[in-house]
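Data block for structure.txt (compact mmCIF, N, CA and C atoms):
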```txt
# COMPACT_ATOMS: atom_id res chain seq x y z
N MET Q 1 0.85 -1.18 0.00
CA MET Q 1 0.00 0.00 0.00
C MET Q 1 0.90 1.24 0.00
N PRO Q 2 0.74 2.15 -0.97
CA PRO Q 2 1.65 3.29 -1.10
C PRO Q 2 1.55 4.31 0.02
N PHE Q 3 0.48 4.31 0.77
CA PHE Q 3 0.30 5.30 1.83
C PHE Q 3 1.01 4.90 3.11
N ARG Q 4 1.56 3.72 3.16
CA ARG Q 4 2.24 3.25 4.37
C ARG Q 4 3.68 3.74 4.33
N PHE Q 5 3.95 4.79 5.08
CA PHE Q 5 5.26 5.42 5.03
C PHE Q 5 5.95 5.52 6.39
N VAL Q 6 5.30 5.11 7.46
CA VAL Q 6 5.91 5.20 8.78
C VAL Q 6 6.81 3.99 8.98
N THR Q 7 8.10 4.22 8.81
CA THR Q 7 9.08 3.14 8.95
C THR Q 7 9.41 2.92 10.43
N LYS Q 8 10.13 1.87 10.68
CA LYS Q 8 10.59 1.57 12.03
C LYS Q 8 11.43 2.73 12.58
N GLN Q 9 12.24 3.33 11.72
CA GLN Q 9 13.11 4.43 12.13
C GLN Q 9 12.28 5.68 12.48
N ILE Q 10 11.28 5.99 11.65
CA ILE Q 10 10.42 7.15 11.93
C ILE Q 10 9.65 6.92 13.23
N HIS Q 11 9.10 5.71 13.38
CA HIS Q 11 8.34 5.39 14.59
C HIS Q 11 9.22 5.55 15.83
N ALA Q 12 10.46 5.08 15.75
CA ALA Q 12 11.37 5.20 16.89
C ALA Q 12 11.61 6.67 17.26
N LEU Q 13 11.70 7.55 16.27
CA LEU Q 13 11.90 8.97 16.54
C LEU Q 13 10.70 9.59 17.25
N LEU Q 14 9.52 9.05 17.01
CA LEU Q 14 8.31 9.58 17.65
C LEU Q 14 8.14 9.09 19.09
N ASP Q 15 8.66 7.92 19.39
CA ASP Q 15 8.36 7.25 20.65
C ASP Q 15 8.71 8.04 21.91
N TYR Q 16 9.93 8.52 22.02
CA TYR Q 16 10.33 9.21 23.26
C TYR Q 16 9.56 10.52 23.46
N PRO Q 17 9.44 11.38 22.43
CA PRO Q 17 8.67 12.62 22.64
C PRO Q 17 7.20 12.34 22.98
N VAL Q 18 6.61 11.33 22.36
CA VAL Q 18 5.22 11.00 22.65
C VAL Q 18 5.09 10.53 24.10
N ALA Q 19 6.00 9.68 24.55
CA ALA Q 19 5.96 9.19 25.93
C ALA Q 19 6.05 10.37 26.91
N LEU Q 20 6.96 11.29 26.65
CA LEU Q 20 7.10 12.46 27.53
C LEU Q 20 5.86 13.33 27.48
N ALA Q 21 5.27 13.49 26.30
CA ALA Q 21 4.03 14.29 26.18
C ALA Q 21 2.89 13.64 26.95
N LEU Q 22 2.80 12.31 26.89
CA LEU Q 22 1.74 11.62 27.64
C LEU Q 22 1.89 11.81 29.14
N MET Q 23 3.12 12.02 29.59
CA MET Q 23 3.35 12.26 31.02
C MET Q 23 3.10 13.72 31.40
N GLY Q 24 3.41 14.66 30.52
CA GLY Q 24 3.33 16.06 30.88
C GLY Q 24 2.05 16.78 30.48
N LEU Q 25 1.51 16.47 29.31
CA LEU Q 25 0.33 17.18 28.83
C LEU Q 25 -0.88 17.12 29.75
N PRO Q 26 -1.14 16.00 30.41
CA PRO Q 26 -2.31 15.98 31.30
C PRO Q 26 -2.26 17.06 32.38
N PHE Q 27 -1.06 17.38 32.85
CA PHE Q 27 -0.92 18.43 33.86
C PHE Q 27 -1.10 19.81 33.22
N LEU Q 28 -0.51 20.01 32.04
CA LEU Q 28 -0.64 21.29 31.35
C LEU Q 28 -2.09 21.58 30.95
N LEU Q 29 -2.79 20.52 30.54
CA LEU Q 29 -4.19 20.68 30.11
C LEU Q 29 -5.17 20.57 31.26
N GLN Q 30 -4.64 20.29 32.44
CA GLN Q 30 -5.46 20.13 33.65
C GLN Q 30 -6.56 19.08 33.46
N LEU Q 31 -6.14 17.92 32.96
CA LEU Q 31 -7.10 16.83 32.80
C LEU Q 31 -7.54 16.33 34.16
N GLY Q 32 -8.67 15.65 34.18
CA GLY Q 32 -9.17 15.04 35.39
C GLY Q 32 -10.44 15.68 35.93
N ALA Q 33 -10.98 16.67 35.24
CA ALA Q 33 -12.19 17.34 35.73
C ALA Q 33 -13.39 16.39 35.74
N SER Q 34 -13.48 15.53 34.73
CA SER Q 34 -14.63 14.61 34.67
C SER Q 34 -14.37 13.32 35.44
N ASN Q 35 -13.11 13.00 35.62
CA ASN Q 35 -12.73 11.78 36.33
C ASN Q 35 -11.22 11.86 36.56
N PRO Q 36 -10.74 11.69 37.79
CA PRO Q 36 -9.30 11.77 38.05
C PRO Q 36 -8.48 10.78 37.22
N LEU Q 37 -9.09 9.70 36.78
CA LEU Q 37 -8.37 8.74 35.94
C LEU Q 37 -7.95 9.35 34.60
N ALA Q 38 -8.63 10.39 34.17
CA ALA Q 38 -8.26 11.04 32.91
C ALA Q 38 -6.85 11.60 32.98
N LEU Q 39 -6.44 12.06 34.13
CA LEU Q 39 -5.08 12.55 34.32
C LEU Q 39 -4.10 11.39 34.42
N TRP Q 40 -4.38 10.46 35.29
CA TRP Q 40 -3.41 9.42 35.63
C TRP Q 40 -3.27 8.32 34.58
N LEU Q 41 -4.32 8.05 33.81
CA LEU Q 41 -4.22 7.04 32.76
C LEU Q 41 -3.15 7.44 31.74
N SER Q 42 -3.12 8.70 31.39
CA SER Q 42 -2.12 9.17 30.43
C SER Q 42 -0.71 9.15 31.03
N VAL Q 43 -0.58 9.57 32.27
CA VAL Q 43 0.74 9.58 32.91
C VAL Q 43 1.31 8.16 32.99
N VAL Q 44 0.49 7.23 33.44
CA VAL Q 44 0.94 5.83 33.55
C VAL Q 44 1.25 5.26 32.17
N THR Q 45 0.41 5.58 31.18
CA THR Q 45 0.67 5.12 29.82
C THR Q 45 1.97 5.70 29.30
N GLY Q 46 2.24 6.96 29.60
CA GLY Q 46 3.49 7.59 29.17
C GLY Q 46 4.71 6.91 29.78
N ILE Q 47 4.63 6.59 31.05
CA ILE Q 47 5.74 5.87 31.71
C ILE Q 47 5.93 4.51 31.05
N ALA Q 48 4.83 3.80 30.84
CA ALA Q 48 4.91 2.48 30.20
C ALA Q 48 5.45 2.59 28.78
N ALA Q 49 5.03 3.62 28.04
CA ALA Q 49 5.51 3.83 26.67
C ALA Q 49 7.01 4.11 26.65
N PHE Q 50 7.48 4.87 27.62
CA PHE Q 50 8.92 5.17 27.72
C PHE Q 50 9.70 3.88 27.95
N ILE Q 51 9.23 3.07 28.89
CA ILE Q 51 9.90 1.79 29.19
C ILE Q 51 9.85 0.88 27.98
N LEU Q 52 8.70 0.81 27.31
CA LEU Q 52 8.56 -0.02 26.11
C LEU Q 52 9.56 0.41 25.05
N THR Q 53 9.73 1.70 24.86
CA THR Q 53 10.66 2.22 23.86
C THR Q 53 12.10 1.86 24.21
N VAL Q 54 12.45 1.98 25.47
CA VAL Q 54 13.79 1.62 25.92
C VAL Q 54 14.08 0.15 25.62
N LEU Q 55 13.06 -0.69 25.75
CA LEU Q 55 13.23 -2.14 25.59
C LEU Q 55 13.02 -2.65 24.16
N THR Q 56 12.59 -1.78 23.24
CA THR Q 56 12.26 -2.21 21.88
C THR Q 56 13.49 -2.34 21.00
N ASP Q 57 13.47 -3.35 20.14
CA ASP Q 57 14.56 -3.61 19.20
C ASP Q 57 14.43 -2.69 17.98
N HIS Q 58 14.83 -1.43 18.16
CA HIS Q 58 14.97 -0.49 17.06
C HIS Q 58 16.16 0.41 17.38
N HIS Q 59 16.53 1.25 16.44
CA HIS Q 59 17.81 1.97 16.59
C HIS Q 59 17.87 2.91 17.79
N LEU Q 60 16.76 3.27 18.39
CA LEU Q 60 16.78 4.11 19.59
C LEU Q 60 16.48 3.34 20.87
N GLY Q 61 16.26 2.03 20.72
CA GLY Q 61 16.07 1.19 21.90
C GLY Q 61 17.41 1.05 22.64
N ILE Q 62 17.34 0.97 23.93
CA ILE Q 62 18.57 0.88 24.71
C ILE Q 62 18.93 -0.57 25.02
N LEU Q 63 17.94 -1.34 25.47
CA LEU Q 63 18.21 -2.75 25.79
C LEU Q 63 17.82 -3.70 24.66
N ARG Q 64 16.88 -3.31 23.82
CA ARG Q 64 16.49 -4.03 22.60
C ARG Q 64 16.15 -5.50 22.83
N VAL Q 65 15.31 -5.76 23.80
CA VAL Q 65 14.92 -7.15 24.10
C VAL Q 65 13.52 -7.48 23.58
N LEU Q 66 12.72 -6.49 23.24
CA LEU Q 66 11.36 -6.74 22.75
C LEU Q 66 11.30 -6.52 21.25
N PRO Q 67 10.67 -7.44 20.52
CA PRO Q 67 10.57 -7.26 19.07
C PRO Q 67 9.71 -6.05 18.73
N TYR Q 68 10.04 -5.42 17.63
CA TYR Q 68 9.30 -4.26 17.17
C TYR Q 68 7.84 -4.61 16.90
N SER Q 69 7.58 -5.82 16.45
CA SER Q 69 6.19 -6.24 16.20
C SER Q 69 5.37 -6.22 17.50
N PHE Q 70 5.98 -6.59 18.61
CA PHE Q 70 5.30 -6.52 19.91
C PHE Q 70 5.01 -5.06 20.26
N HIS Q 71 5.97 -4.19 20.02
CA HIS Q 71 5.80 -2.76 20.28
C HIS Q 71 4.59 -2.23 19.49
N LEU Q 72 4.50 -2.59 18.21
CA LEU Q 72 3.38 -2.15 17.39
C LEU Q 72 2.05 -2.68 17.92
N ALA Q 73 2.03 -3.92 18.37
CA ALA Q 73 0.80 -4.50 18.92
C ALA Q 73 0.37 -3.76 20.18
N VAL Q 74 1.32 -3.43 21.03
CA VAL Q 74 1.00 -2.67 22.25
C VAL Q 74 0.46 -1.29 21.87
N ASP Q 75 1.11 -0.64 20.90
CA ASP Q 75 0.63 0.66 20.45
C ASP Q 75 -0.81 0.57 19.95
N GLY Q 76 -1.11 -0.46 19.18
CA GLY Q 76 -2.47 -0.65 18.68
C GLY Q 76 -3.47 -0.84 19.81
N ALA Q 77 -3.08 -1.62 20.81
CA ALA Q 77 -3.97 -1.84 21.97
C ALA Q 77 -4.19 -0.53 22.74
N VAL Q 78 -3.15 0.27 22.87
CA VAL Q 78 -3.28 1.57 23.54
C VAL Q 78 -4.21 2.48 22.74
N GLY Q 79 -4.06 2.48 21.43
CA GLY Q 79 -4.93 3.31 20.59
C GLY Q 79 -6.39 2.97 20.76
N VAL Q 80 -6.70 1.68 20.73
CA VAL Q 80 -8.09 1.24 20.92
C VAL Q 80 -8.56 1.59 22.33
N SER Q 81 -7.72 1.36 23.32
CA SER Q 81 -8.08 1.67 24.71
C SER Q 81 -8.37 3.15 24.89
N TYR Q 82 -7.55 3.99 24.26
CA TYR Q 82 -7.76 5.43 24.38
C TYR Q 82 -9.06 5.86 23.70
N LEU Q 83 -9.39 5.23 22.58
CA LEU Q 83 -10.65 5.57 21.91
C LEU Q 83 -11.86 5.17 22.74
N LEU Q 84 -11.74 4.08 23.49
CA LEU Q 84 -12.85 3.58 24.30
C LEU Q 84 -12.91 4.19 25.70
N ALA Q 85 -11.79 4.67 26.21
CA ALA Q 85 -11.71 5.16 27.59
C ALA Q 85 -12.78 6.19 27.94
N PRO Q 86 -13.05 7.18 27.10
CA PRO Q 86 -14.08 8.16 27.49
C PRO Q 86 -15.45 7.53 27.71
N PHE Q 87 -15.78 6.51 26.94
CA PHE Q 87 -17.07 5.85 27.09
C PHE Q 87 -17.09 4.97 28.34
N VAL Q 88 -16.04 4.20 28.50
CA VAL Q 88 -15.97 3.23 29.60
C VAL Q 88 -15.78 3.93 30.95
N LEU Q 89 -14.97 4.97 30.98
CA LEU Q 89 -14.64 5.63 32.24
C LEU Q 89 -15.40 6.93 32.49
N GLY Q 90 -16.28 7.28 31.57
CA GLY Q 90 -17.13 8.45 31.76
C GLY Q 90 -16.42 9.79 31.62
N PHE Q 91 -15.37 9.85 30.78
CA PHE Q 91 -14.69 11.11 30.56
C PHE Q 91 -15.58 12.01 29.71
N SER Q 92 -15.51 13.31 29.97
CA SER Q 92 -16.25 14.27 29.15
C SER Q 92 -15.38 15.50 28.94
N GLY Q 93 -15.83 16.38 28.05
CA GLY Q 93 -15.09 17.61 27.80
C GLY Q 93 -13.69 17.35 27.30
N ILE Q 94 -12.75 18.16 27.77
CA ILE Q 94 -11.37 18.03 27.31
C ILE Q 94 -10.78 16.66 27.65
N ASP Q 95 -11.23 16.07 28.75
CA ASP Q 95 -10.74 14.74 29.11
C ASP Q 95 -11.05 13.75 27.98
N ALA Q 96 -12.28 13.77 27.50
CA ALA Q 96 -12.69 12.85 26.43
C ALA Q 96 -11.95 13.17 25.13
N TRP Q 97 -11.93 14.45 24.77
CA TRP Q 97 -11.28 14.83 23.52
C TRP Q 97 -9.80 14.48 23.52
N TYR Q 98 -9.13 14.63 24.62
CA TYR Q 98 -7.71 14.28 24.73
C TYR Q 98 -7.50 12.81 24.35
N TYR Q 99 -8.33 11.94 24.90
CA TYR Q 99 -8.18 10.50 24.62
C TYR Q 99 -8.62 10.14 23.21
N TRP Q 100 -9.67 10.75 22.71
CA TRP Q 100 -10.10 10.46 21.34
C TRP Q 100 -9.05 10.90 20.33
N ILE Q 101 -8.48 12.09 20.53
CA ILE Q 101 -7.47 12.59 19.59
C ILE Q 101 -6.20 11.74 19.66
N ASN Q 102 -5.75 11.44 20.88
CA ASN Q 102 -4.54 10.62 21.01
C ASN Q 102 -4.77 9.20 20.50
N GLY Q 103 -5.93 8.64 20.79
CA GLY Q 103 -6.24 7.29 20.30
C GLY Q 103 -6.26 7.25 18.79
N ALA Q 104 -6.88 8.25 18.17
CA ALA Q 104 -6.92 8.31 16.71
C ALA Q 104 -5.51 8.48 16.13
N ALA Q 105 -4.70 9.33 16.75
CA ALA Q 105 -3.33 9.54 16.27
C ALA Q 105 -2.52 8.26 16.33
N VAL Q 106 -2.64 7.52 17.42
CA VAL Q 106 -1.91 6.26 17.56
C VAL Q 106 -2.37 5.26 16.50
N MET Q 107 -3.68 5.17 16.29
CA MET Q 107 -4.20 4.23 15.30
C MET Q 107 -3.75 4.61 13.89
N ILE Q 108 -3.65 5.90 13.61
CA ILE Q 108 -3.17 6.34 12.29
C ILE Q 108 -1.72 5.95 12.10
N VAL Q 109 -0.89 6.21 13.11
CA VAL Q 109 0.54 5.87 13.00
C VAL Q 109 0.71 4.36 12.83
N VAL Q 110 0.00 3.58 13.62
CA VAL Q 110 0.10 2.12 13.50
C VAL Q 110 -0.42 1.68 12.12
N GLY Q 111 -1.51 2.27 11.67
CA GLY Q 111 -2.08 1.91 10.38
C GLY Q 111 -1.21 2.30 9.20
N LEU Q 112 -0.38 3.33 9.36
CA LEU Q 112 0.51 3.77 8.29
C LEU Q 112 1.89 3.12 8.37
N HIS Q 113 2.04 2.16 9.28
CA HIS Q 113 3.32 1.45 9.42
C HIS Q 113 3.68 0.74 8.12
N LYS Q 114 4.88 0.96 7.68
CA LYS Q 114 5.39 0.33 6.46
C LYS Q 114 6.15 -0.94 6.85
N PRO Q 115 5.62 -2.11 6.46
CA PRO Q 115 6.33 -3.35 6.81
C PRO Q 115 7.74 -3.36 6.22
N GLN Q 116 8.65 -3.94 6.97
CA GLN Q 116 10.03 -4.04 6.51
C GLN Q 116 10.16 -5.19 5.54
N ALA Q 117 10.99 -5.00 4.53
CA ALA Q 117 11.29 -6.08 3.59
C ALA Q 117 12.19 -7.08 4.29
N ARG Q 118 11.93 -8.36 4.07
CA ARG Q 118 12.79 -9.40 4.64
C ARG Q 118 13.98 -9.64 3.73
N PRO Q 119 15.14 -9.85 4.32
CA PRO Q 119 16.31 -10.21 3.49
C PRO Q 119 16.03 -11.52 2.74
N ILE Q 120 16.57 -11.63 1.57
CA ILE Q 120 16.39 -12.85 0.75
C ILE Q 120 16.90 -14.05 1.52
N GLY Q 121 16.07 -15.09 1.53
CA GLY Q 121 16.45 -16.33 2.20
C GLY Q 121 16.04 -16.40 3.65
N GLN Q 122 15.53 -15.30 4.23
CA GLN Q 122 15.08 -15.33 5.62
C GLN Q 122 13.66 -15.87 5.69
N PRO Q 123 13.39 -16.80 6.61
CA PRO Q 123 12.05 -17.37 6.70
C PRO Q 123 11.02 -16.34 7.10
N ALA Q 124 9.79 -16.57 6.69
CA ALA Q 124 8.68 -15.65 6.99
C ALA Q 124 8.27 -15.71 8.43
```

Exercise: express the given structure as structure tokens:
Amino acid sequence: MPFRFVTKQIHALLDYPVALALMGLPFLLQLGASNPLALWLSVVTGIAAFILTVLTDHHLGILRVLPYSFHLAVDGAVGVSYLLAPFVLGFSGIDAWYYWINGAAVMIVVGLHKPQARPIGQPA
């Protein structure tokens, strides 16, 4: 598919700033008016995203013990969870919009992921 342009390298460049934003933006935006979980869900997700990035096997991973495919699966699960969180947890106003926008952004990035070509002779 020609629209799939988010490579492993591009994704890795996004990971650390996104993790930091997930930790800091809830405080800047004063999330939590509709439910205190609106603040803390993002902070905890940001911490987890930072750890996941450190452990992922890509050029910016530090320990590189988790396959990139696992990282993408976790990102997809977070995207779906963020889209559903306002309904399930009763978020409203900016709390809801924060999660819907972030969930949609994550799903777009995961959906635009460009699969890597396998070297010739490597099993599928």

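Atom to atom, atom C of Q:Ile108 and atom C of Q:Ala96 stand 18.1 Å apart.
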
Exercise for review: Work out how far atom C of Q:Ile51 is from atom C of Q:Tyr68, in Å to one decimal.
Suggested key: 12.5 Å

Exercise for review: Measure the distance from atom N of Q:Ile47 to atom CA of Q:Met23 in Å and round it to one decimal.
Suggested key: 5.8 Å

Non-local contacts of Q:Ala77 (10 Å; only C-alpha atoms; under 5 positions in same chain excluded) as a compact mmCIF listing (two decimals) with N, CA and C atoms, in the coordinates of the input:
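After the write, part.txt holds the following:
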```txt
# COMPACT_ATOMS: atom_id res chain seq x y z
N HIS Q 71 5.97 -4.19 20.02
CA HIS Q 71 5.80 -2.76 20.28
C HIS Q 71 4.59 -2.23 19.49
N LEU Q 72 4.50 -2.59 18.21
CA LEU Q 72 3.38 -2.15 17.39
C LEU Q 72 2.05 -2.68 17.92
N TYR Q 82 -7.55 3.99 24.26
CA TYR Q 82 -7.76 5.43 24.38
C TYR Q 82 -9.06 5.86 23.70
N LEU Q 83 -9.39 5.23 22.58
CA LEU Q 83 -10.65 5.57 21.91
C LEU Q 83 -11.86 5.17 22.74
N GLY Q 103 -5.93 8.64 20.79
CA GLY Q 103 -6.24 7.29 20.30
C GLY Q 103 -6.26 7.25 18.79
N VAL Q 106 -2.64 7.52 17.42
CA VAL Q 106 -1.91 6.26 17.56
C VAL Q 106 -2.37 5.26 16.50
N MET Q 107 -3.68 5.17 16.29
CA MET Q 107 -4.20 4.23 15.30
C MET Q 107 -3.75 4.61 13.89
```

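Between Q:Val44 and the residues Q:Pro115, Q:Phe5, Q:Pro26, Q:Ala104, the shortest atom-to-atom distance, using only C-alpha atoms, involves Q:Pro26.
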
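Summary of the local environment: counting only C-alpha atoms, residues at most 12 Å from Q:Trp100, other than itself and those fewer than 4 positions away along its chain, are Ala38, Val78, Gly79, Val80, Ser81, Tyr82, Leu83, Leu84, Ala85, Pro86, Phe87, Phe91, Ser92, Gly93, Ile94, Asp95, Ala96, Ala104, Ala105, Val106 and Met107 of chain Q.
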